[in-house]
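*Asks:* Here it is, the structure, as structure tokens.
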Amino acid sequence: MTSSQTSIAAMPSRGFAVLFLAFLLSGMCALAYQVVWARMLSLVFGSTNQAISTVLAVFMLGLALGSHLGARISRRGENLGRIYGILEIALGVYALAFPLIISAAETVHASIFAASHGSALSLALYRFIIALILLIIPTSLMGATLPVLAQYVEKDTGKAGKRIGVLYAINTFGAALGSFASAFLSIPYYGLDKTMYFAAILNVIVGLTCVFVLRDWFVQRDDAPASPSKTTKRSVTGTQSPDDGPHIPFALPILVLFLIGTVGMLLENAWSHALVLVFGTSVYAFSTMLTAYLIGLSVGCYFAAKYLLPYCSGKLLSALLLIDGLAILAVTPVIGFLPSWFVGVFGDMQAQWHTVIAKEFLACAALMLIPTSIGGAIFPLCLHTIARSRQNRHTGTGVATSIAYIWNTAGSICGALVAGFVIIPLVGSERCLIIAASLTLLGSAAVILGAGPRSSFRMAWAACLSLIAVAAPIFFTTWDATRMNSGVYVYSKFFDSEGALEREMKNYELIFYKEGSASVAVLESSHGHRFLRVNGKTDGSSEGDNTTQMLLGYLPYLYAKNTDNALVIGLGTGITSACVLDLPVKSVESIEISPEVVTAARFFSALNERVFTDARSTLRILDGRTWLASIPQKYDMIISEPSNPWQTGNANLFTADFFRIAGSRLNEGGILCQWIPYYNMDSSHFKLIIKSLQSVFPYVHLWMSGTDTFLLSSMHPLEINAERLRHLFDKSDIRDKFQDMNIDTPGSLLSFYYLDSNSLKTMTSGVQGLNTDVFPVVEFHSPKFLLGPNRPDIFFEILETSYASSLEISDPDLDTTARILHRRAFFSRWRIPNSVTEKMLKRLLYN
């Protein structure tokens with residue numbers, strides 16, 4: 001036995017323990033990087049679907065390139081354990097420098113965006129190049145680790161798949177832990193930057209450990225045999241040698257790996273689109289789904305590597321693909337019943353947050369376990385087949401692993417792009433799932449025909465599977481789109497049973513539904529009222545939300561020094577932008593991130609027609625934050641009305657960093673009008689957003705309507721312009737809109753005014769810290785209160801503080817008696833106790 005063979009045979013079991021622990025931690029760090037870097041890049045590129053897909057594609061492209069480089073290293077390296085450690089150290093060092101690197105990229109992107117935002121293709125290309133420059137080095141380092149370790153732990157291509165499969169399963173399980181830990185532990189309590197630094201330091205520690213501990217094991221030498229010795233041959237019950245078992249063409253496992261990668265991303269995208277309609281769009285909903293997905297892959301990979309390799313054959317691959325397709329077809333209809341399940345489980349609103357997350361995780365795991373496990377199991381089986389082929393028998397397991405990884409990743413890139421840009425926008429997430437099932441059935445048919453001699457039975461069976469695959473997307477659809485868009489993760493408290501949900505949704509007709517960057521629906525009630533729903537949650541309506549939508553449009557006019565140009569972030573129903581166009585403005589720009597929302601807004605044409613017809617109106621489908629950060633244009637009025645601050649993506653518009661960007665884009669005397677809802681929010685989080693706003697704007701007034709507040713902010717002292725207030729009621733079209741809201745006089749409009757700057761500072765005086773991009777407290781902690789009952793403490797605190805607040809108006813002689821009387825009528829409509837109303841009257845009348 002040669003010296004090299006001696007080193008291979010003598011590797012102690014603790015060596016594998018070190019390797020597996022290292023690769024487990026490496027997987028955790030890699031997923032943490034992916035989460036943090038994707039969030040940081042979304043602040044640069046925006047949260048559009050195209051920008052997110054660009055980052056994902058570049059990330060996976062880097063992994064594939066790194067795998068290729070890792071294969072070349074594995075054939076030339078003399079100490080692969082040390083090389084692996086160096087790769088981990090280099091990755092950690094890059095991560096430590098990433099904040100400086102992305103800061104430079106932000107400046108470059110702002111210049112490019114300003115010049116190319118009018119061309120979607122050019123902008124996408126530039127973003128791809130920037131993301132490639134930023135991510136190609138670290139992702140290549142990540143991708144190179146698996147082939148290097150594969151060659152390190154297993155020289156025998158006849159055994160390829162077992163140790164490597166277990167190693168890959170451990171790494172994937174580490175990624176699942178990283179998904180969970182970053183979302184539930186690290187980012188909420190330490191922030192993005194510390195999460196990244198912790199992962200980077202851990203990477204360096206792992207790398208140093210491998211350099212010093214693994215340096216004497218598995219030293220790759222020139223005299224090491226490239227192919228397995230005869231002593232490695234086993235019977236059919238053991239690991240097969242390269243010549244054992246039925247012959248499978250080399251191209252077949254390549255095709256299957258590409259197919260599984262494609263199907264995997266189709267499933268991940270479609271499940272994400274569908275399940276957010278039930279579980280919501282919080283960061284925890286996405287993390288729960290991703291964790292369940294990764295655990296399924298890990299379980300399948302581990303089981304196949306440990307128990308299925310001796311039976312690796314075309315029949316097994318075909319059977320697994322068949323089971324995969326049938327499992328997807330079986331679980332897809334179940335998703336359509338999840339809204340009713342959610343109401344039945346959480347309708348009483350008494351569940352603790354951790355209980356909600358646990359049950360959601362179990363639901364995700366039950367749906368995903370079989371399809372993801374089979375997807376995970378196929379990787380080591382195909383790797384085993386590739387390594388045993390004549391093409392790779394003398395090149396080593398590192399090369400074989402690289403080939404398998406590259407083709408699987410190429411399929412993932414294809415699946416991500418096709419799902420996000422083609423299938424889901426055209427036919428929806430349900431058919432995307434069914435198409436994924438069809439592809440696995442077609443894959444099963446291809447393996448049947450390609451892995452053995454053709455016979456009439458094989459051809460008939462393959463034809464049958466192909467026929468089912470073609471027919472399934474056409475006929476196998478069961479979801480009720482109205483029920484899916486019932487928004488149970490927000491509104492389950494209004495339904496005391498599953499039957500109540502069914503009865504309530506029968507009162508609505510679905511007149512528009514489109515999936516893309518979000519799932520957008522327009523529902524019409526039996527009374528003719530229309531509701532815009534984004535991912536199941538109502539984000540505007542023709543009735544009920546009018547007061548909020550209109551006040552957002554009119555209130556900045558009462559404060560701004562000039563009113564020539566305005567920017568509205570978040571088109572929604574378009575009612576707010578239409579109200580701004582009622583004013584003496586020269587231009588109104590409306591920024592909407594979702595093209596589906598723009599289409600849906602046309603169903604509210606009776607209230608927003610000017611947005612689409614007025615020459616002063618410009619509509620842009622972009623990320624509002626990116627626009628403000630990159631365009632040097634300034635405005636007199638900026639109105640920000642995104643959806644709720646607990647929603648991923650929208651949360652970026654409630655941070656001190658965003659408020660700072662908005663402030664820099666205001667002309668002198670300009671006004672930022674920020675909508676902040678307080679329903680289903682803890683008082684501390686509501687105040688934290690206001691405190692973050694105050695950190696930028698020294699002067700802030702608070703207006704309130706129901707559970708919505710409007711923060712009017714400026715760098716200069718605020719004063720309500722009484723002349724403009726009267727002007728609003730002089731215009732017949734505005735006056736008619738006010739009367740529809742039961743607002744008849746200037747004084748009644750003032751009833752929505754509550755707090756001046758000093759009173760608001762008093763209310764937030766005890767708040768510590770800020771809600772920032774790197775420490776997004778509200779996004780990560782406010783979802784914990786989403787399913788709880790509405791808490792009136794914020795309302796009562798605002799009301800109590802308002803008694804000491806002055807009405808800062810340019811005409812102090814304006815009759816404000818109507819203000820008090822209208823507020824009393826408003827309180828009555830909102831079912832506020834009479835005792836509260838009477839106390840308010842006494843305090844306001846006698847102060």
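Lettering and numbering for the structure tokens are positional, with chains as A, B, ... in the shown order, residues counted from 1 in each chain, and ligands counted from 1 in the shown order.
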Excluding Trp461 in chain A and its own-chain neighbours fewer than 4 positions away, which residues fall within 10 Å of it when counting only C-alpha atoms? Please give them as a PyMOL selection string.
*Replies:* chain A and resi 444-445+448-449+455-457+465-467
*Asks:* For the selection just defined, write its residues with N, CA and C atoms to a file, as a CSV table (one decimal), in the first residue's frame.
*Replies:*
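To be explicit, this is the file written out as result-v2.csv:
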chain,number,residue,atom,x,y,z
A,444,SER,N,-39.4,11.4,-15.6
A,444,SER,CA,-39.6,9.9,-15.4
A,444,SER,C,-39.7,9.2,-16.7
A,445,ALA,N,-40.5,9.7,-17.6
A,445,ALA,CA,-40.7,9.0,-18.9
A,445,ALA,C,-39.3,9.0,-19.7
A,448,ILE,N,-37.1,6.3,-18.2
A,448,ILE,CA,-37.6,5.0,-18.6
A,448,ILE,C,-37.1,4.6,-20.0
A,449,LEU,N,-37.2,5.6,-20.9
A,449,LEU,CA,-36.8,5.3,-22.3
A,449,LEU,C,-35.3,5.3,-22.5
A,455,SER,N,-38.7,-1.2,-25.0
A,455,SER,CA,-39.7,-2.3,-25.3
A,455,SER,C,-41.1,-1.7,-25.4
A,456,SER,N,-42.0,-2.4,-25.9
A,456,SER,CA,-43.4,-1.9,-26.0
A,456,SER,C,-44.0,-1.4,-24.7
A,457,PHE,N,-43.7,-2.2,-23.6
A,457,PHE,CA,-44.2,-1.8,-22.3
A,457,PHE,C,-43.6,-0.5,-21.9
A,465,LEU,N,-47.3,8.5,-19.1
A,465,LEU,CA,-46.8,9.5,-18.2
A,465,LEU,C,-46.8,10.9,-18.9
A,466,SER,N,-46.4,10.9,-20.2
A,466,SER,CA,-46.3,12.1,-21.0
A,466,SER,C,-47.7,12.7,-21.2
A,467,LEU,N,-48.7,11.8,-21.4
A,467,LEU,CA,-50.0,12.3,-21.6
A,467,LEU,C,-50.6,12.9,-20.3
*Asks:* Quick one: residues within 12 Å of Phe495 in chain A, only C-alpha atoms counted, chain neighbours fewer than 6 positions away excluded, as a PDB file with all heavy atoms, in the first residue's frame?
*Replies:*
ATOM      1  N   PRO A 339     -56.610  28.511   3.710  1.00  0.00           N
ATOM      2  CA  PRO A 339     -57.289  29.629   4.378  1.00  0.00           C
ATOM      3  C   PRO A 339     -58.319  29.170   5.399  1.00  0.00           C
ATOM      4  O   PRO A 339     -58.397  29.720   6.511  1.00  0.00           O
ATOM      5  CB  PRO A 339     -57.937  30.394   3.217  1.00  0.00           C
ATOM      6  CG  PRO A 339     -57.056  30.102   2.051  1.00  0.00           C
ATOM      7  CD  PRO A 339     -56.632  28.674   2.236  1.00  0.00           C
ATOM      8  N   SER A 340     -59.108  28.161   5.055  1.00  0.00           N
ATOM      9  CA  SER A 340     -60.092  27.635   6.002  1.00  0.00           C
ATOM     10  C   SER A 340     -59.398  26.984   7.192  1.00  0.00           C
ATOM     11  O   SER A 340     -59.841  27.139   8.342  1.00  0.00           O
ATOM     12  CB  SER A 340     -60.995  26.611   5.298  1.00  0.00           C
ATOM     13  OG  SER A 340     -61.708  27.216   4.248  1.00  0.00           O
ATOM     14  N   TRP A 341     -58.314  26.270   6.927  1.00  0.00           N
ATOM     15  CA  TRP A 341     -57.536  25.668   8.021  1.00  0.00           C
ATOM     16  C   TRP A 341     -57.016  26.743   8.955  1.00  0.00           C
ATOM     17  O   TRP A 341     -57.070  26.595  10.178  1.00  0.00           O
ATOM     18  CB  TRP A 341     -56.381  24.863   7.433  1.00  0.00           C
ATOM     19  CG  TRP A 341     -55.375  24.408   8.462  1.00  0.00           C
ATOM     20  CD1 TRP A 341     -55.442  23.299   9.250  1.00  0.00           C
ATOM     21  CD2 TRP A 341     -54.144  25.059   8.809  1.00  0.00           C
ATOM     22  NE1 TRP A 341     -54.335  23.221  10.063  1.00  0.00           N
ATOM     23  CE2 TRP A 341     -53.525  24.295   9.825  1.00  0.00           C
ATOM     24  CE3 TRP A 341     -53.507  26.221   8.371  1.00  0.00           C
ATOM     25  CZ2 TRP A 341     -52.305  24.640  10.383  1.00  0.00           C
ATOM     26  CZ3 TRP A 341     -52.292  26.575   8.930  1.00  0.00           C
ATOM     27  CH2 TRP A 341     -51.709  25.790   9.928  1.00  0.00           C
ATOM     28  N   PHE A 342     -56.522  27.841   8.402  1.00  0.00           N
ATOM     29  CA  PHE A 342     -55.955  28.914   9.209  1.00  0.00           C
ATOM     30  C   PHE A 342     -57.018  29.505  10.135  1.00  0.00           C
ATOM     31  O   PHE A 342     -56.761  29.752  11.321  1.00  0.00           O
ATOM     32  CB  PHE A 342     -55.389  30.004   8.291  1.00  0.00           C
ATOM     33  CG  PHE A 342     -54.507  30.997   8.986  1.00  0.00           C
ATOM     34  CD1 PHE A 342     -53.140  30.835   9.008  1.00  0.00           C
ATOM     35  CD2 PHE A 342     -55.047  32.104   9.621  1.00  0.00           C
ATOM     36  CE1 PHE A 342     -52.312  31.753   9.643  1.00  0.00           C
ATOM     37  CE2 PHE A 342     -54.243  33.024  10.265  1.00  0.00           C
ATOM     38  CZ  PHE A 342     -52.867  32.849  10.269  1.00  0.00           C
ATOM     39  N   VAL A 343     -58.212  29.731   9.601  1.00  0.00           N
ATOM     40  CA  VAL A 343     -59.295  30.274  10.425  1.00  0.00           C
ATOM     41  C   VAL A 343     -59.654  29.291  11.531  1.00  0.00           C
ATOM     42  O   VAL A 343     -59.876  29.676  12.693  1.00  0.00           O
ATOM     43  CB  VAL A 343     -60.530  30.586   9.558  1.00  0.00           C
ATOM     44  CG1 VAL A 343     -61.736  30.915  10.433  1.00  0.00           C
ATOM     45  CG2 VAL A 343     -60.232  31.747   8.616  1.00  0.00           C
ATOM     46  N   GLY A 344     -59.705  28.002  11.185  1.00  0.00           N
ATOM     47  CA  GLY A 344     -60.043  27.008  12.191  1.00  0.00           C
ATOM     48  C   GLY A 344     -59.017  26.916  13.304  1.00  0.00           C
ATOM     49  O   GLY A 344     -59.354  26.656  14.462  1.00  0.00           O
ATOM     50  N   VAL A 345     -57.745  27.171  12.991  1.00  0.00           N
ATOM     51  CA  VAL A 345     -56.682  27.045  13.987  1.00  0.00           C
ATOM     52  C   VAL A 345     -56.459  28.336  14.756  1.00  0.00           C
ATOM     53  O   VAL A 345     -56.262  28.329  15.971  1.00  0.00           O
ATOM     54  CB  VAL A 345     -55.367  26.608  13.303  1.00  0.00           C
ATOM     55  CG1 VAL A 345     -54.210  26.623  14.304  1.00  0.00           C
ATOM     56  CG2 VAL A 345     -55.522  25.220  12.703  1.00  0.00           C
ATOM     57  N   PHE A 346     -56.525  29.481  14.064  1.00  0.00           N
ATOM     58  CA  PHE A 346     -56.143  30.753  14.689  1.00  0.00           C
ATOM     59  C   PHE A 346     -57.274  31.773  14.755  1.00  0.00           C
ATOM     60  O   PHE A 346     -57.044  32.924  15.125  1.00  0.00           O
ATOM     61  CB  PHE A 346     -54.977  31.382  13.927  1.00  0.00           C
ATOM     62  CG  PHE A 346     -53.766  30.513  13.842  1.00  0.00           C
ATOM     63  CD1 PHE A 346     -53.292  30.065  12.621  1.00  0.00           C
ATOM     64  CD2 PHE A 346     -53.088  30.134  14.991  1.00  0.00           C
ATOM     65  CE1 PHE A 346     -52.166  29.272  12.540  1.00  0.00           C
ATOM     66  CE2 PHE A 346     -51.961  29.332  14.919  1.00  0.00           C
ATOM     67  CZ  PHE A 346     -51.503  28.894  13.690  1.00  0.00           C
ATOM     68  N   GLY A 347     -58.470  31.363  14.420  1.00  0.00           N
ATOM     69  CA  GLY A 347     -59.571  32.316  14.376  1.00  0.00           C
ATOM     70  C   GLY A 347     -59.893  32.955  15.711  1.00  0.00           C
ATOM     71  O   GLY A 347     -60.408  34.075  15.765  1.00  0.00           O
ATOM     72  N   ASP A 348     -59.589  32.288  16.812  1.00  0.00           N
ATOM     73  CA  ASP A 348     -59.906  32.847  18.127  1.00  0.00           C
ATOM     74  C   ASP A 348     -58.902  33.905  18.570  1.00  0.00           C
ATOM     75  O   ASP A 348     -59.108  34.582  19.579  1.00  0.00           O
ATOM     76  CB  ASP A 348     -59.975  31.742  19.186  1.00  0.00           C
ATOM     77  CG  ASP A 348     -58.653  30.973  19.306  1.00  0.00           C
ATOM     78  OD1 ASP A 348     -57.694  31.321  18.583  1.00  0.00           O
ATOM     79  OD2 ASP A 348     -58.601  30.037  20.117  1.00  0.00           O
ATOM     80  N   MET A 349     -57.791  34.061  17.821  1.00  0.00           N
ATOM     81  CA  MET A 349     -56.792  35.097  18.085  1.00  0.00           C
ATOM     82  C   MET A 349     -56.111  34.941  19.446  1.00  0.00           C
ATOM     83  O   MET A 349     -55.560  35.892  19.976  1.00  0.00           O
ATOM     84  CB  MET A 349     -57.435  36.498  17.990  1.00  0.00           C
ATOM     85  CG  MET A 349     -58.202  36.765  16.711  1.00  0.00           C
ATOM     86  SD  MET A 349     -57.163  36.665  15.251  1.00  0.00           S
ATOM     87  CE  MET A 349     -56.169  38.131  15.485  1.00  0.00           C
ATOM     88  N   SER A 486     -58.519  35.939   0.713  1.00  0.00           N
ATOM     89  CA  SER A 486     -59.329  36.400   1.845  1.00  0.00           C
ATOM     90  C   SER A 486     -58.488  37.050   2.944  1.00  0.00           C
ATOM     91  O   SER A 486     -59.045  37.634   3.873  1.00  0.00           O
ATOM     92  CB  SER A 486     -60.118  35.225   2.426  1.00  0.00           C
ATOM     93  OG  SER A 486     -59.243  34.183   2.834  1.00  0.00           O
ATOM     94  N   GLY A 487     -57.164  36.947   2.859  1.00  0.00           N
ATOM     95  CA  GLY A 487     -56.293  37.607   3.822  1.00  0.00           C
ATOM     96  C   GLY A 487     -56.464  37.112   5.248  1.00  0.00           C
ATOM     97  O   GLY A 487     -56.449  37.893   6.197  1.00  0.00           O
ATOM     98  N   VAL A 488     -56.561  35.807   5.413  1.00  0.00           N
ATOM     99  CA  VAL A 488     -56.848  35.256   6.741  1.00  0.00           C
ATOM    100  C   VAL A 488     -55.763  35.571   7.759  1.00  0.00           C
ATOM    101  O   VAL A 488     -56.032  35.626   8.965  1.00  0.00           O
ATOM    102  CB  VAL A 488     -57.078  33.730   6.659  1.00  0.00           C
ATOM    103  CG1 VAL A 488     -58.383  33.422   5.948  1.00  0.00           C
ATOM    104  CG2 VAL A 488     -55.907  33.030   5.963  1.00  0.00           C
ATOM    105  N   TYR A 489     -54.525  35.793   7.296  1.00  0.00           N
ATOM    106  CA  TYR A 489     -53.456  36.076   8.255  1.00  0.00           C
ATOM    107  C   TYR A 489     -53.655  37.432   8.935  1.00  0.00           C
ATOM    108  O   TYR A 489     -53.009  37.724   9.935  1.00  0.00           O
ATOM    109  CB  TYR A 489     -52.090  36.026   7.562  1.00  0.00           C
ATOM    110  CG  TYR A 489     -51.877  37.043   6.459  1.00  0.00           C
ATOM    111  CD1 TYR A 489     -51.271  38.265   6.714  1.00  0.00           C
ATOM    112  CD2 TYR A 489     -52.255  36.760   5.143  1.00  0.00           C
ATOM    113  CE1 TYR A 489     -51.058  39.184   5.706  1.00  0.00           C
ATOM    114  CE2 TYR A 489     -52.056  37.669   4.128  1.00  0.00           C
ATOM    115  CZ  TYR A 489     -51.460  38.878   4.405  1.00  0.00           C
ATOM    116  OH  TYR A 489     -51.253  39.791   3.387  1.00  0.00           O
ATOM    117  N   LEU A 501     -66.048  32.017   7.075  1.00  0.00           N
ATOM    118  CA  LEU A 501     -65.186  32.496   6.003  1.00  0.00           C
ATOM    119  C   LEU A 501     -65.812  32.219   4.649  1.00  0.00           C
ATOM    120  O   LEU A 501     -65.855  33.108   3.780  1.00  0.00           O
ATOM    121  CB  LEU A 501     -63.818  31.809   6.105  1.00  0.00           C
ATOM    122  CG  LEU A 501     -62.865  32.047   4.935  1.00  0.00           C
ATOM    123  CD1 LEU A 501     -62.457  33.512   4.857  1.00  0.00           C
ATOM    124  CD2 LEU A 501     -61.617  31.159   5.059  1.00  0.00           C
ATOM    125  N   GLU A 502     -66.305  31.013   4.463  1.00  0.00           N
ATOM    126  CA  GLU A 502     -66.917  30.654   3.184  1.00  0.00           C
ATOM    127  C   GLU A 502     -68.130  31.540   2.884  1.00  0.00           C
ATOM    128  O   GLU A 502     -68.302  32.028   1.764  1.00  0.00           O
ATOM    129  CB  GLU A 502     -67.335  29.174   3.196  1.00  0.00           C
ATOM    130  CG  GLU A 502     -66.197  28.198   3.457  1.00  0.00           C
ATOM    131  CD  GLU A 502     -65.152  28.242   2.361  1.00  0.00           C
ATOM    132  OE1 GLU A 502     -65.517  28.510   1.202  1.00  0.00           O
ATOM    133  OE2 GLU A 502     -63.977  28.027   2.674  1.00  0.00           O
ATOM    134  N   ARG A 503     -68.962  31.772   3.892  1.00  0.00           N
ATOM    135  CA  ARG A 503     -70.161  32.600   3.672  1.00  0.00           C
ATOM    136  C   ARG A 503     -69.784  34.041   3.359  1.00  0.00           C
ATOM    137  O   ARG A 503     -70.397  34.674   2.495  1.00  0.00           O
ATOM    138  CB  ARG A 503     -71.062  32.538   4.912  1.00  0.00           C
ATOM    139  CG  ARG A 503     -71.729  31.188   5.142  1.00  0.00           C
ATOM    140  CD  ARG A 503     -72.783  31.282   6.234  1.00  0.00           C
ATOM    141  NE  ARG A 503     -72.208  31.660   7.524  1.00  0.00           N
ATOM    142  CZ  ARG A 503     -71.736  30.781   8.405  1.00  0.00           C
ATOM    143  NH1 ARG A 503     -71.768  29.476   8.125  1.00  0.00           N
ATOM    144  NH2 ARG A 503     -71.233  31.175   9.559  1.00  0.00           N
ATOM    145  N   GLU A 504     -68.778  34.553   4.066  1.00  0.00           N
ATOM    146  CA  GLU A 504     -68.383  35.943   3.853  1.00  0.00           C
ATOM    147  C   GLU A 504     -67.820  36.154   2.451  1.00  0.00           C
ATOM    148  O   GLU A 504     -68.157  37.132   1.771  1.00  0.00           O
ATOM    149  CB  GLU A 504     -67.348  36.346   4.900  1.00  0.00           C
ATOM    150  CG  GLU A 504     -66.768  37.744   4.711  1.00  0.00           C
ATOM    151  CD  GLU A 504     -67.791  38.850   4.886  1.00  0.00           C
ATOM    152  OE1 GLU A 504     -68.857  38.592   5.495  1.00  0.00           O
ATOM    153  OE2 GLU A 504     -67.527  39.967   4.407  1.00  0.00           O
ATOM    154  N   MET A 505     -66.976  35.254   1.995  1.00  0.00           N
ATOM    155  CA  MET A 505     -66.333  35.439   0.697  1.00  0.00           C
ATOM    156  C   MET A 505     -67.311  35.258  -0.459  1.00  0.00           C
ATOM    157  O   MET A 505     -67.041  35.727  -1.571  1.00  0.00           O
ATOM    158  CB  MET A 505     -65.144  34.487   0.545  1.00  0.00           C
ATOM    159  CG  MET A 505     -64.026  34.719   1.566  1.00  0.00           C
ATOM    160  SD  MET A 505     -63.580  36.465   1.809  1.00  0.00           S
ATOM    161  CE  MET A 505     -62.968  36.911   0.189  1.00  0.00           C
TER     162      MET A 505
END
*Asks:* Residues near range 631-641 of chain A, anyone? I mean within 6 Å using only C-alpha atoms, not counting same-chain ones fewer than 5 positions away, as a list in words.
*Replies:*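 Non-adjacent residues within range: Ala114, Asn562, Thr563, Asn565, Ala566, Leu567, Val568, Ile569, Gly570, Arg665, Leu666, Asn667, Gly670, Ile671, Leu672, Cys673, Gln674 and Trp675 of chain A.
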*Asks:* Give me every alpha helix (DSSP H) residue in range 302-410 of chain A, going by DSSP on the backbone, as a ChimeraX atom specification.
*Replies:* /A:302-303,314-335,338-346,353-388,397-410
*Asks:* So, with only C-alpha atoms as the atoms that count, which of A:Trp830, A:Trp703, A:Phe421, A:Phe16 lies closest to Leu167 in chain A?
*Replies:*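 Among A:Trp830, A:Trp703, A:Phe421, A:Phe16, it is A:Phe16 that comes nearest to Leu167 in chain A.
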*Asks:* Skip range 90-105 of chain A itself and residues of its chain fewer than 2 positions away, then list as a ChimeraX atom specification all residues within 7 Å of it, counting only C-alpha atoms.
*Replies:* /A:86-88,107-109,138,141,196-197,200-201,203-204
*Asks:* Pull C-alpha atoms from the residues just selected and write them as a CSV table (one decimal), in the first residue's frame.
*Replies:*
chain,number,residue,atom,x,y,z
A,86,ILE,CA,-8.2,28.8,3.0
A,87,LEU,CA,-11.5,29.1,1.0
A,88,GLU,CA,-13.5,29.5,4.1
A,107,THR,CA,-22.9,55.4,-5.5
A,108,VAL,CA,-22.2,53.7,-8.8
A,109,HIS,CA,-25.8,52.4,-9.1
A,138,PRO,CA,-17.7,35.2,-2.5
A,141,LEU,CA,-15.6,30.7,-3.0
A,196,MET,CA,-22.8,39.4,8.9
A,197,TYR,CA,-19.8,40.0,11.1
A,200,ALA,CA,-17.7,36.1,8.8
A,201,ILE,CA,-15.8,35.5,12.1
A,203,ASN,CA,-16.1,31.4,8.7
A,204,VAL,CA,-12.6,32.4,9.6
*Asks:* Find the residue from A:Leu622, A:Leu338, A:Val35, A:Val585 that sits nearest to Asp193 in chain A; use only C-alpha atoms when measuring.
*Replies:*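 Counting only C-alpha atoms, the residue closest to Asp193 in chain A is A:Val35.
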